[in-house]
Amino acid sequence: MNFSEYFPRLSPLQLQQLETLNATISDWNGKINVISRQDIDNIDVHHILHSLAIAKFIDFTPGSVVIDLGTGGGFPGLPLAILFPEVHFHLVDRVGKKLKVAEEAAKACGLQNVSFQHGDFGECKVQADFVVSRAVMPQPDLVKLVRKNISKTNRNAVPNGLISLKGGDLHAELRAVGRESEVIPLESFFNLPFFKTKKLVYTPI
């Protein structure tokens with residue numbers, strides 16, 4: 001996978017880190033199943049590039065704090081941490097063995113801008129500019145859950161809020177949010193079959 005095709009500003013170090021991330025997740029997946037077996041050969045597109053779609057929507061300001069809710073093996077948090085070394089990413093998951101894989105992958109990549117929290121998101125006290133998530137739960141539930149963690153101080157070009165990666169028909173789900181959300185088809189960023197039904201949803205909070 002040539003990530004430079006979509007992100008031409010990636011440095012040699014960042015490209016190496018993305019390769020290391022793929023290799024580490026693949027290796028650990030043999031011991032702890034964080035990615036479905038049939039998906040293991042598609043980590044670059046289905047997990048890393050999918051996570052980096054958020055970077056096509058927003059260029060996080062240095063010094064920003066981003067929480068990854070339900071990170072699993074480190075997605076979307078770790079690819080974004082590679083892309084934005086001056087932004088802090090706090091990865092939260094209630095499944096300890098998955099978080100262990102994310103921690104080992106971060107260590108292998110030499111990432112200094114990540115922290116980890118094992119447990120229920122309700123226990124998370126971190127104040128952040130954004131919360132990101134990937135297919136964790138419906139957007140209305142996410143909005144209620146993360147509201148307490150969103151800082152009132154805006155420092156990015158986009159107002160603070162929730163950014164979710166989702167698929168399928170979202171009309172009914174987003175009607176229940178109670179506030180305006182922006183929906184962006186990911187095929188507008190990446191011309192690959194996998195992204196035909198994938199979307200980014202942004203809800204300001």
# chains A, B, ... in the order shown; residues from 1 in each chain; ligands from 1
call {"tool": "residues_around", "arguments": {"residues": "Ala23 in chain A", "least_positions_apart": "4", "cutoff": "10 Å", "atoms": "only C-alpha atoms", "output": "tab-separated table (two decimals) with N, CA, C and O atoms, in the first residue's frame"}}
result
chain	number	residue	atom	x	y	z
A	17	GLN	N	6.80	3.85	10.13
A	17	GLN	CA	5.93	3.59	11.28
A	17	GLN	C	4.63	2.91	10.84
A	17	GLN	O	4.13	2.01	11.53
A	18	LEU	N	4.07	3.32	9.72
A	18	LEU	CA	2.84	2.70	9.22
A	18	LEU	C	3.10	1.24	8.83
A	18	LEU	O	2.25	0.37	9.09
A	19	GLU	N	4.25	0.98	8.25
A	19	GLU	CA	4.63	-0.41	7.93
A	19	GLU	C	4.79	-1.23	9.21
A	19	GLU	O	4.35	-2.38	9.29
A	27	ASP	N	1.25	-9.60	13.50
A	27	ASP	CA	1.94	-10.57	14.36
A	27	ASP	C	1.11	-10.87	15.62
A	27	ASP	O	0.91	-12.02	15.98
A	28	TRP	N	0.63	-9.83	16.27
A	28	TRP	CA	-0.14	-10.01	17.50
A	28	TRP	C	-1.49	-10.67	17.24
A	28	TRP	O	-2.05	-11.33	18.11
A	29	ASN	N	-2.02	-10.45	16.04
A	29	ASN	CA	-3.34	-11.01	15.75
A	29	ASN	C	-3.34	-12.54	15.78
A	29	ASN	O	-4.37	-13.16	15.99
A	43	ILE	N	-5.09	-5.13	6.19
A	43	ILE	CA	-4.93	-4.15	7.27
A	43	ILE	C	-4.66	-2.75	6.71
A	43	ILE	O	-5.22	-1.76	7.18
A	105	ALA	N	1.89	-2.15	19.82
A	105	ALA	CA	2.06	-1.56	18.48
A	105	ALA	C	2.62	-0.14	18.60
A	105	ALA	O	3.51	0.25	17.84
A	108	ALA	N	6.27	-0.42	19.41
A	108	ALA	CA	7.05	-0.84	18.24
A	108	ALA	C	7.26	0.32	17.28
A	108	ALA	O	8.31	0.41	16.62
call {"tool": "select_by_dssp", "arguments": {"residues": "range 147-193 of chain A", "states": "alpha helix (DSSP H)", "output": "PyMOL selection string"}}
result
chain A and resi 171-175
call {"tool": "residues_around", "arguments": {"residues": "Gly167 in chain A", "least_positions_apart": "5", "cutoff": "6 Å", "atoms": "only C-alpha atoms", "output": "ChimeraX atom specification"}}
result
/A:197-199
call {"tool": "write_last_selection", "arguments": {"atoms": "N, CA and C atoms", "output": "PDB file, in the first residue's frame"}}
result
ATOM      1  N   THR A 197     -19.245   2.217   0.606  1.00  0.00           N
ATOM      2  CA  THR A 197     -20.348   2.380   1.562  1.00  0.00           C
ATOM      3  C   THR A 197     -19.900   3.032   2.872  1.00  0.00           C
ATOM      4  N   LYS A 198     -18.636   3.448   2.929  1.00  0.00           N
ATOM      5  CA  LYS A 198     -18.088   3.991   4.185  1.00  0.00           C
ATOM      6  C   LYS A 198     -18.273   5.512   4.247  1.00  0.00           C
ATOM      7  N   LYS A 199     -18.519   5.994   5.477  1.00  0.00           N
ATOM      8  CA  LYS A 199     -18.757   7.421   5.662  1.00  0.00           C
ATOM      9  C   LYS A 199     -18.057   7.938   6.916  1.00  0.00           C
TER      10      LYS A 199
END
call {"tool": "residues_around", "arguments": {"residues": "Val131 in chain A", "least_positions_apart": "6", "cutoff": "7 Å", "atoms": "only C-alpha atoms", "output": "PyMOL selection string"}}
result
chain A and resi 66-69+161-163
call {"tool": "write_last_selection", "arguments": {"atoms": "all heavy atoms", "output": "mmCIF file, in the first residue's frame"}}
result
data_model
loop_
_atom_site.group_PDB
_atom_site.id
_atom_site.type_symbol
_atom_site.label_atom_id
_atom_site.label_comp_id
_atom_site.auth_asym_id
_atom_site.auth_seq_id
_atom_site.Cartn_x
_atom_site.Cartn_y
_atom_site.Cartn_z
ATOM 1 N N VAL A 66 -6.965 14.296 21.430
ATOM 2 C CA VAL A 66 -8.002 13.494 20.777
ATOM 3 C C VAL A 66 -8.165 12.187 21.544
ATOM 4 O O VAL A 66 -7.186 11.498 21.829
ATOM 5 C CB VAL A 66 -7.636 13.204 19.300
ATOM 6 C CG1 VAL A 66 -8.709 12.346 18.640
ATOM 7 C CG2 VAL A 66 -7.432 14.505 18.521
ATOM 8 N N ILE A 67 -9.407 11.854 21.882
ATOM 9 C CA ILE A 67 -9.701 10.573 22.535
ATOM 10 C C ILE A 67 -10.219 9.598 21.488
ATOM 11 O O ILE A 67 -11.087 9.939 20.688
ATOM 12 C CB ILE A 67 -10.768 10.735 23.645
ATOM 13 C CG1 ILE A 67 -10.301 11.705 24.728
ATOM 14 C CG2 ILE A 67 -11.108 9.378 24.258
ATOM 15 C CD1 ILE A 67 -11.386 12.043 25.747
ATOM 16 N N ASP A 68 -9.677 8.387 21.500
ATOM 17 C CA ASP A 68 -10.162 7.307 20.635
ATOM 18 C C ASP A 68 -11.011 6.378 21.502
ATOM 19 O O ASP A 68 -10.490 5.636 22.335
ATOM 20 C CB ASP A 68 -8.973 6.567 20.016
ATOM 21 C CG ASP A 68 -9.383 5.401 19.126
ATOM 22 O OD1 ASP A 68 -10.594 5.183 18.947
ATOM 23 O OD2 ASP A 68 -8.477 4.708 18.619
ATOM 24 N N LEU A 69 -12.319 6.421 21.303
ATOM 25 C CA LEU A 69 -13.264 5.639 22.097
ATOM 26 C C LEU A 69 -13.477 4.263 21.478
ATOM 27 O O LEU A 69 -13.876 4.154 20.318
ATOM 28 C CB LEU A 69 -14.598 6.394 22.181
ATOM 29 C CG LEU A 69 -15.837 5.644 22.660
ATOM 30 C CD1 LEU A 69 -15.622 5.018 24.024
ATOM 31 C CD2 LEU A 69 -17.032 6.582 22.698
ATOM 32 N N GLY A 161 -15.787 18.379 18.733
ATOM 33 C CA GLY A 161 -16.926 17.477 18.634
ATOM 34 C C GLY A 161 -16.530 16.024 18.463
ATOM 35 O O GLY A 161 -15.446 15.604 18.873
ATOM 36 N N LEU A 162 -17.438 15.277 17.854
ATOM 37 C CA LEU A 162 -17.316 13.832 17.686
ATOM 38 C C LEU A 162 -17.138 13.503 16.210
ATOM 39 O O LEU A 162 -17.902 13.998 15.365
ATOM 40 C CB LEU A 162 -18.591 13.171 18.229
ATOM 41 C CG LEU A 162 -18.804 11.687 17.963
ATOM 42 C CD1 LEU A 162 -17.765 10.839 18.680
ATOM 43 C CD2 LEU A 162 -20.219 11.282 18.396
ATOM 44 N N ILE A 163 -16.143 12.669 15.902
ATOM 45 C CA ILE A 163 -15.911 12.218 14.526
ATOM 46 C C ILE A 163 -15.977 10.695 14.510
ATOM 47 O O ILE A 163 -15.188 10.024 15.179
ATOM 48 C CB ILE A 163 -14.536 12.690 14.000
ATOM 49 C CG1 ILE A 163 -14.424 14.213 14.070
ATOM 50 C CG2 ILE A 163 -14.329 12.207 12.565
ATOM 51 C CD1 ILE A 163 -13.025 14.739 13.779
#
call {"tool": "residues_around", "arguments": {"residues": "Ala176 in chain A", "least_positions_apart": "2", "cutoff": "12 Å", "atoms": "only C-alpha atoms", "output": "list in words"}}
result
Pro138, Gln139, Pro140, Asp141, Leu142, Val143, Lys144, Leu170, His171, Ala172, Glu173, Leu174, Gly178, Arg179, Glu180 and Ser181 of chain A
call {"tool": "closest_atom_pairs", "arguments": {"of": "range 120-155 of chain A", "to": "range 82-100 of chain A", "cutoff": "12 Å", "atoms": "only C-alpha atoms", "output": "CSV"}}
result
residue,atom,partner,partner_atom,distance
A:Asp120,CA,A:Arg94,CA,5.4
A:Phe121,CA,A:Val92,CA,6.8
A:Gly122,CA,A:Val92,CA,10.4
A:Glu123,CA,A:Val92,CA,9.9
A:Cys124,CA,A:Val92,CA,8.0
A:Lys125,CA,A:His90,CA,10.8
A:Val126,CA,A:His90,CA,8.1
A:Gln127,CA,A:His90,CA,10.0
A:Ala128,CA,A:His90,CA,8.9
A:Asp129,CA,A:His88,CA,10.3
A:Phe130,CA,A:Phe89,CA,9.8
A:Val131,CA,A:His90,CA,9.3
A:Val132,CA,A:Leu91,CA,9.7
A:Ser133,CA,A:Leu91,CA,10.0
A:Val136,CA,A:Asp93,CA,10.5
A:Asn149,CA,A:His90,CA,11.6
call {"tool": "residues_around", "arguments": {"residues": "Asn22 in chain A", "least_positions_apart": "3", "cutoff": "12 Å", "atoms": "only C-alpha atoms", "output": "PyMOL selection string"}}
result
chain A and resi 1+15-19+25-29+35+40-49+73-75+78-79+101-102+105-106+108-109
call {"tool": "closest_residue", "arguments": {"among": "A:Leu52, A:Lys166, A:Ala81, A:Lys196", "to": "Val65 in chain A", "atoms": "only C-alpha atoms"}}
result
A:Ala81
call {"tool": "atom_distance", "arguments": {"atom1": "CA of Thr61 in chain A", "atom2": "CA of Leu111 in chain A"}}
result
17.9 Å
call {"tool": "closest_residue", "arguments": {"among": "A:Ile205, A:Leu80, A:Gln112, A:Phe190", "to": "Leu145 in chain A", "atoms": "only C-alpha atoms"}}
result
A:Ile205
call {"tool": "select_by_dssp", "arguments": {"residues": "chain A", "states": "strand (DSSP E or B)", "output": "ChimeraX atom specification"}}
result
/A:65-69,88-93,114-118,128,130-134,150,161-167,182-185,198-204
call {"tool": "atom_distance", "arguments": {"atom1": "CA of Lys148 in chain A", "atom2": "CA of Asn160 in chain A"}}
result
12.2 Å
call {"tool": "residues_around", "arguments": {"residues": "Glu182 in chain A", "least_positions_apart": "6", "cutoff": "7 Å", "atoms": "only C-alpha atoms", "output": "list of chain:residue names"}}
result
A:Val201, A:Tyr202, A:Thr203
call {"tool": "write_last_selection", "arguments": {"atoms": "all heavy atoms", "output": "tab-separated table (two decimals), in the first residue's frame"}}
result
chain	number	residue	atom	x	y	z
A	201	VAL	N	-18.74	10.74	9.85
A	201	VAL	CA	-19.81	11.56	10.42
A	201	VAL	C	-19.21	12.48	11.48
A	201	VAL	O	-18.55	12.02	12.42
A	201	VAL	CB	-20.90	10.67	11.07
A	201	VAL	CG1	-22.01	11.57	11.64
A	201	VAL	CG2	-21.48	9.70	10.06
A	202	TYR	N	-19.44	13.77	11.32
A	202	TYR	CA	-18.94	14.77	12.27
A	202	TYR	C	-20.14	15.46	12.95
A	202	TYR	O	-21.03	16.00	12.27
A	202	TYR	CB	-18.08	15.81	11.57
A	202	TYR	CG	-17.91	17.09	12.34
A	202	TYR	CD1	-17.24	17.12	13.57
A	202	TYR	CD2	-18.45	18.30	11.85
A	202	TYR	CE1	-17.10	18.31	14.28
A	202	TYR	CE2	-18.31	19.48	12.56
A	202	TYR	CZ	-17.64	19.48	13.78
A	202	TYR	OH	-17.51	20.64	14.48
A	203	THR	N	-20.16	15.41	14.27
A	203	THR	CA	-21.19	16.10	15.05
A	203	THR	C	-20.52	17.09	15.99
A	203	THR	O	-19.76	16.68	16.88
A	203	THR	CB	-22.03	15.10	15.87
A	203	THR	OG1	-22.59	14.10	15.01
A	203	THR	CG2	-23.16	15.82	16.59
call {"tool": "closest_residue", "arguments": {"among": "A:Thr71, A:Asn154, A:Ser64, A:Phe194", "to": "His118 in chain A", "atoms": "only C-alpha atoms"}}
result
A:Thr71
call {"tool": "atom_distance", "arguments": {"atom1": "CA of Gln14 in chain A", "atom2": "CA of Ser115 in chain A"}}
result
18.8 Å
call {"tool": "closest_residue", "arguments": {"among": "A:Lys56, A:Met137, A:Arg37, A:Tyr6", "to": "Leu192 in chain A", "atoms": "only C-alpha atoms"}}
result
A:Tyr6
call {"tool": "decode", "arguments": {"residues": "range 45-90 of chain A", "atoms": "N, CA and C atoms", "output": "PDB file, in the first residue's frame"}}
result
ATOM      1  N   VAL A  45      -5.594  -1.164   3.978  1.00  0.00           N
ATOM      2  CA  VAL A  45      -6.761  -0.441   3.469  1.00  0.00           C
ATOM      3  C   VAL A  45      -7.898  -0.419   4.484  1.00  0.00           C
ATOM      4  N   HIS A  46      -8.268  -1.590   5.009  1.00  0.00           N
ATOM      5  CA  HIS A  46      -9.464  -1.722   5.846  1.00  0.00           C
ATOM      6  C   HIS A  46      -9.305  -1.117   7.236  1.00  0.00           C
ATOM      7  N   HIS A  47      -8.079  -0.931   7.685  1.00  0.00           N
ATOM      8  CA  HIS A  47      -7.880  -0.434   9.047  1.00  0.00           C
ATOM      9  C   HIS A  47      -7.015   0.829   9.086  1.00  0.00           C
ATOM     10  N   ILE A  48      -5.840   0.794   8.464  1.00  0.00           N
ATOM     11  CA  ILE A  48      -4.957   1.968   8.539  1.00  0.00           C
ATOM     12  C   ILE A  48      -5.482   3.112   7.674  1.00  0.00           C
ATOM     13  N   LEU A  49      -5.709   2.862   6.384  1.00  0.00           N
ATOM     14  CA  LEU A  49      -6.192   3.931   5.502  1.00  0.00           C
ATOM     15  C   LEU A  49      -7.586   4.395   5.935  1.00  0.00           C
ATOM     16  N   HIS A  50      -8.420   3.448   6.356  1.00  0.00           N
ATOM     17  CA  HIS A  50      -9.754   3.798   6.863  1.00  0.00           C
ATOM     18  C   HIS A  50      -9.634   4.780   8.031  1.00  0.00           C
ATOM     19  N   SER A  51      -8.723   4.511   8.958  1.00  0.00           N
ATOM     20  CA  SER A  51      -8.497   5.407  10.096  1.00  0.00           C
ATOM     21  C   SER A  51      -8.021   6.787   9.637  1.00  0.00           C
ATOM     22  N   LEU A  52      -7.159   6.803   8.639  1.00  0.00           N
ATOM     23  CA  LEU A  52      -6.567   8.058   8.177  1.00  0.00           C
ATOM     24  C   LEU A  52      -7.555   8.931   7.407  1.00  0.00           C
ATOM     25  N   ALA A  53      -8.740   8.398   7.115  1.00  0.00           N
ATOM     26  CA  ALA A  53      -9.774   9.219   6.475  1.00  0.00           C
ATOM     27  C   ALA A  53     -10.088  10.446   7.325  1.00  0.00           C
ATOM     28  N   ILE A  54      -9.947  10.309   8.635  1.00  0.00           N
ATOM     29  CA  ILE A  54     -10.209  11.441   9.536  1.00  0.00           C
ATOM     30  C   ILE A  54      -9.247  12.594   9.238  1.00  0.00           C
ATOM     31  N   ALA A  55      -8.023  12.260   8.816  1.00  0.00           N
ATOM     32  CA  ALA A  55      -7.030  13.289   8.491  1.00  0.00           C
ATOM     33  C   ALA A  55      -7.343  13.991   7.171  1.00  0.00           C
ATOM     34  N   LYS A  56      -8.226  13.421   6.374  1.00  0.00           N
ATOM     35  CA  LYS A  56      -8.676  14.096   5.158  1.00  0.00           C
ATOM     36  C   LYS A  56      -9.757  15.128   5.493  1.00  0.00           C
ATOM     37  N   PHE A  57     -10.411  14.915   6.626  1.00  0.00           N
ATOM     38  CA  PHE A  57     -11.477  15.826   7.053  1.00  0.00           C
ATOM     39  C   PHE A  57     -10.926  16.988   7.881  1.00  0.00           C
ATOM     40  N   ILE A  58      -9.955  16.696   8.744  1.00  0.00           N
ATOM     41  CA  ILE A  58      -9.419  17.720   9.638  1.00  0.00           C
ATOM     42  C   ILE A  58      -7.912  17.563   9.800  1.00  0.00           C
ATOM     43  N   ASP A  59      -7.230  18.693   9.759  1.00  0.00           N
ATOM     44  CA  ASP A  59      -5.788  18.741  10.019  1.00  0.00           C
ATOM     45  C   ASP A  59      -5.628  19.246  11.453  1.00  0.00           C
ATOM     46  N   PHE A  60      -5.500  18.305  12.401  1.00  0.00           N
ATOM     47  CA  PHE A  60      -5.476  18.679  13.819  1.00  0.00           C
ATOM     48  C   PHE A  60      -4.359  19.689  14.116  1.00  0.00           C
ATOM     49  N   THR A  61      -4.708  20.723  14.863  1.00  0.00           N
ATOM     50  CA  THR A  61      -3.735  21.721  15.291  1.00  0.00           C
ATOM     51  C   THR A  61      -2.771  21.106  16.313  1.00  0.00           C
ATOM     52  N   PRO A  62      -1.458  21.368  16.190  1.00  0.00           N
ATOM     53  CA  PRO A  62      -0.520  20.886  17.208  1.00  0.00           C
ATOM     54  C   PRO A  62      -0.963  21.311  18.607  1.00  0.00           C
ATOM     55  N   GLY A  63      -0.833  20.388  19.561  1.00  0.00           N
ATOM     56  CA  GLY A  63      -1.273  20.653  20.921  1.00  0.00           C
ATOM     57  C   GLY A  63      -2.687  20.184  21.206  1.00  0.00           C
ATOM     58  N   SER A  64      -3.403  19.751  20.173  1.00  0.00           N
ATOM     59  CA  SER A  64      -4.756  19.229  20.366  1.00  0.00           C
ATOM     60  C   SER A  64      -4.713  17.903  21.119  1.00  0.00           C
ATOM     61  N   VAL A  65      -5.832  17.566  21.748  1.00  0.00           N
ATOM     62  CA  VAL A  65      -5.997  16.280  22.427  1.00  0.00           C
ATOM     63  C   VAL A  65      -7.182  15.563  21.782  1.00  0.00           C
ATOM     64  N   VAL A  66      -6.965  14.296  21.430  1.00  0.00           N
ATOM     65  CA  VAL A  66      -8.002  13.494  20.777  1.00  0.00           C
ATOM     66  C   VAL A  66      -8.165  12.187  21.544  1.00  0.00           C
ATOM     67  N   ILE A  67      -9.407  11.854  21.882  1.00  0.00           N
ATOM     68  CA  ILE A  67      -9.701  10.573  22.535  1.00  0.00           C
ATOM     69  C   ILE A  67     -10.219   9.598  21.488  1.00  0.00           C
ATOM     70  N   ASP A  68      -9.677   8.387  21.500  1.00  0.00           N
ATOM     71  CA  ASP A  68     -10.162   7.307  20.635  1.00  0.00           C
ATOM     72  C   ASP A  68     -11.011   6.378  21.502  1.00  0.00           C
ATOM     73  N   LEU A  69     -12.319   6.421  21.303  1.00  0.00           N
ATOM     74  CA  LEU A  69     -13.264   5.639  22.097  1.00  0.00           C
ATOM     75  C   LEU A  69     -13.477   4.263  21.478  1.00  0.00           C
ATOM     76  N   GLY A  70     -13.183   3.197  22.238  1.00  0.00           N
ATOM     77  CA  GLY A  70     -13.333   1.839  21.725  1.00  0.00           C
ATOM     78  C   GLY A  70     -12.278   1.527  20.689  1.00  0.00           C
ATOM     79  N   THR A  71     -11.027   1.791  21.035  1.00  0.00           N
ATOM     80  CA  THR A  71      -9.929   1.709  20.066  1.00  0.00           C
ATOM     81  C   THR A  71      -9.625   0.296  19.583  1.00  0.00           C
ATOM     82  N   GLY A  72     -10.004  -0.731  20.369  1.00  0.00           N
ATOM     83  CA  GLY A  72      -9.670  -2.105  19.974  1.00  0.00           C
ATOM     84  C   GLY A  72      -8.162  -2.276  19.902  1.00  0.00           C
ATOM     85  N   GLY A  73      -7.677  -2.673  18.736  1.00  0.00           N
ATOM     86  CA  GLY A  73      -6.234  -2.842  18.540  1.00  0.00           C
ATOM     87  C   GLY A  73      -5.498  -1.563  18.205  1.00  0.00           C
ATOM     88  N   GLY A  74      -6.182  -0.416  18.329  1.00  0.00           N
ATOM     89  CA  GLY A  74      -5.499   0.859  18.090  1.00  0.00           C
ATOM     90  C   GLY A  74      -6.004   1.666  16.917  1.00  0.00           C
ATOM     91  N   PHE A  75      -7.238   1.416  16.502  1.00  0.00           N
ATOM     92  CA  PHE A  75      -7.788   2.129  15.338  1.00  0.00           C
ATOM     93  C   PHE A  75      -9.040   2.910  15.725  1.00  0.00           C
ATOM     94  N   PRO A  76      -9.125   4.175  15.321  1.00  0.00           N
ATOM     95  CA  PRO A  76      -8.230   4.907  14.423  1.00  0.00           C
ATOM     96  C   PRO A  76      -7.058   5.620  15.095  1.00  0.00           C
ATOM     97  N   GLY A  77      -6.895   5.478  16.423  1.00  0.00           N
ATOM     98  CA  GLY A  77      -5.930   6.276  17.162  1.00  0.00           C
ATOM     99  C   GLY A  77      -4.486   6.184  16.713  1.00  0.00           C
ATOM    100  N   LEU A  78      -3.978   4.961  16.512  1.00  0.00           N
ATOM    101  CA  LEU A  78      -2.547   4.829  16.214  1.00  0.00           C
ATOM    102  C   LEU A  78      -2.153   5.367  14.840  1.00  0.00           C
ATOM    103  N   PRO A  79      -2.893   5.075  13.759  1.00  0.00           N
ATOM    104  CA  PRO A  79      -2.517   5.694  12.481  1.00  0.00           C
ATOM    105  C   PRO A  79      -2.551   7.224  12.552  1.00  0.00           C
ATOM    106  N   LEU A  80      -3.535   7.766  13.272  1.00  0.00           N
ATOM    107  CA  LEU A  80      -3.614   9.224  13.408  1.00  0.00           C
ATOM    108  C   LEU A  80      -2.458   9.768  14.247  1.00  0.00           C
ATOM    109  N   ALA A  81      -2.043   9.018  15.261  1.00  0.00           N
ATOM    110  CA  ALA A  81      -0.902   9.446  16.087  1.00  0.00           C
ATOM    111  C   ALA A  81       0.381   9.485  15.266  1.00  0.00           C
ATOM    112  N   ILE A  82       0.508   8.582  14.304  1.00  0.00           N
ATOM    113  CA  ILE A  82       1.665   8.599  13.402  1.00  0.00           C
ATOM    114  C   ILE A  82       1.618   9.835  12.507  1.00  0.00           C
ATOM    115  N   LEU A  83       0.424  10.139  12.015  1.00  0.00           N
ATOM    116  CA  LEU A  83       0.277  11.264  11.093  1.00  0.00           C
ATOM    117  C   LEU A  83       0.423  12.608  11.798  1.00  0.00           C
ATOM    118  N   PHE A  84       0.004  12.674  13.078  1.00  0.00           N
ATOM    119  CA  PHE A  84       0.021  13.932  13.835  1.00  0.00           C
ATOM    120  C   PHE A  84       0.875  13.773  15.102  1.00  0.00           C
ATOM    121  N   PRO A  85       2.203  13.799  14.975  1.00  0.00           N
ATOM    122  CA  PRO A  85       3.082  13.567  16.130  1.00  0.00           C
ATOM    123  C   PRO A  85       2.991  14.653  17.197  1.00  0.00           C
ATOM    124  N   GLU A  86       2.442  15.838  16.870  1.00  0.00           N
ATOM    125  CA  GLU A  86       2.344  16.935  17.841  1.00  0.00           C
ATOM    126  C   GLU A  86       0.950  17.028  18.468  1.00  0.00           C
ATOM    127  N   VAL A  87       0.149  15.976  18.254  1.00  0.00           N
ATOM    128  CA  VAL A  87      -1.188  15.882  18.852  1.00  0.00           C
ATOM    129  C   VAL A  87      -1.185  14.696  19.810  1.00  0.00           C
ATOM    130  N   HIS A  88      -1.849  14.833  20.967  1.00  0.00           N
ATOM    131  CA  HIS A  88      -1.889  13.725  21.916  1.00  0.00           C
ATOM    132  C   HIS A  88      -3.160  12.896  21.715  1.00  0.00           C
ATOM    133  N   PHE A  89      -2.986  11.575  21.652  1.00  0.00           N
ATOM    134  CA  PHE A  89      -4.101  10.646  21.462  1.00  0.00           C
ATOM    135  C   PHE A  89      -4.238   9.752  22.691  1.00  0.00           C
ATOM    136  N   HIS A  90      -5.440   9.743  23.265  1.00  0.00           N
ATOM    137  CA  HIS A  90      -5.744   8.938  24.454  1.00  0.00           C
ATOM    138  C   HIS A  90      -6.675   7.807  24.013  1.00  0.00           C
TER     139      HIS A  90
END
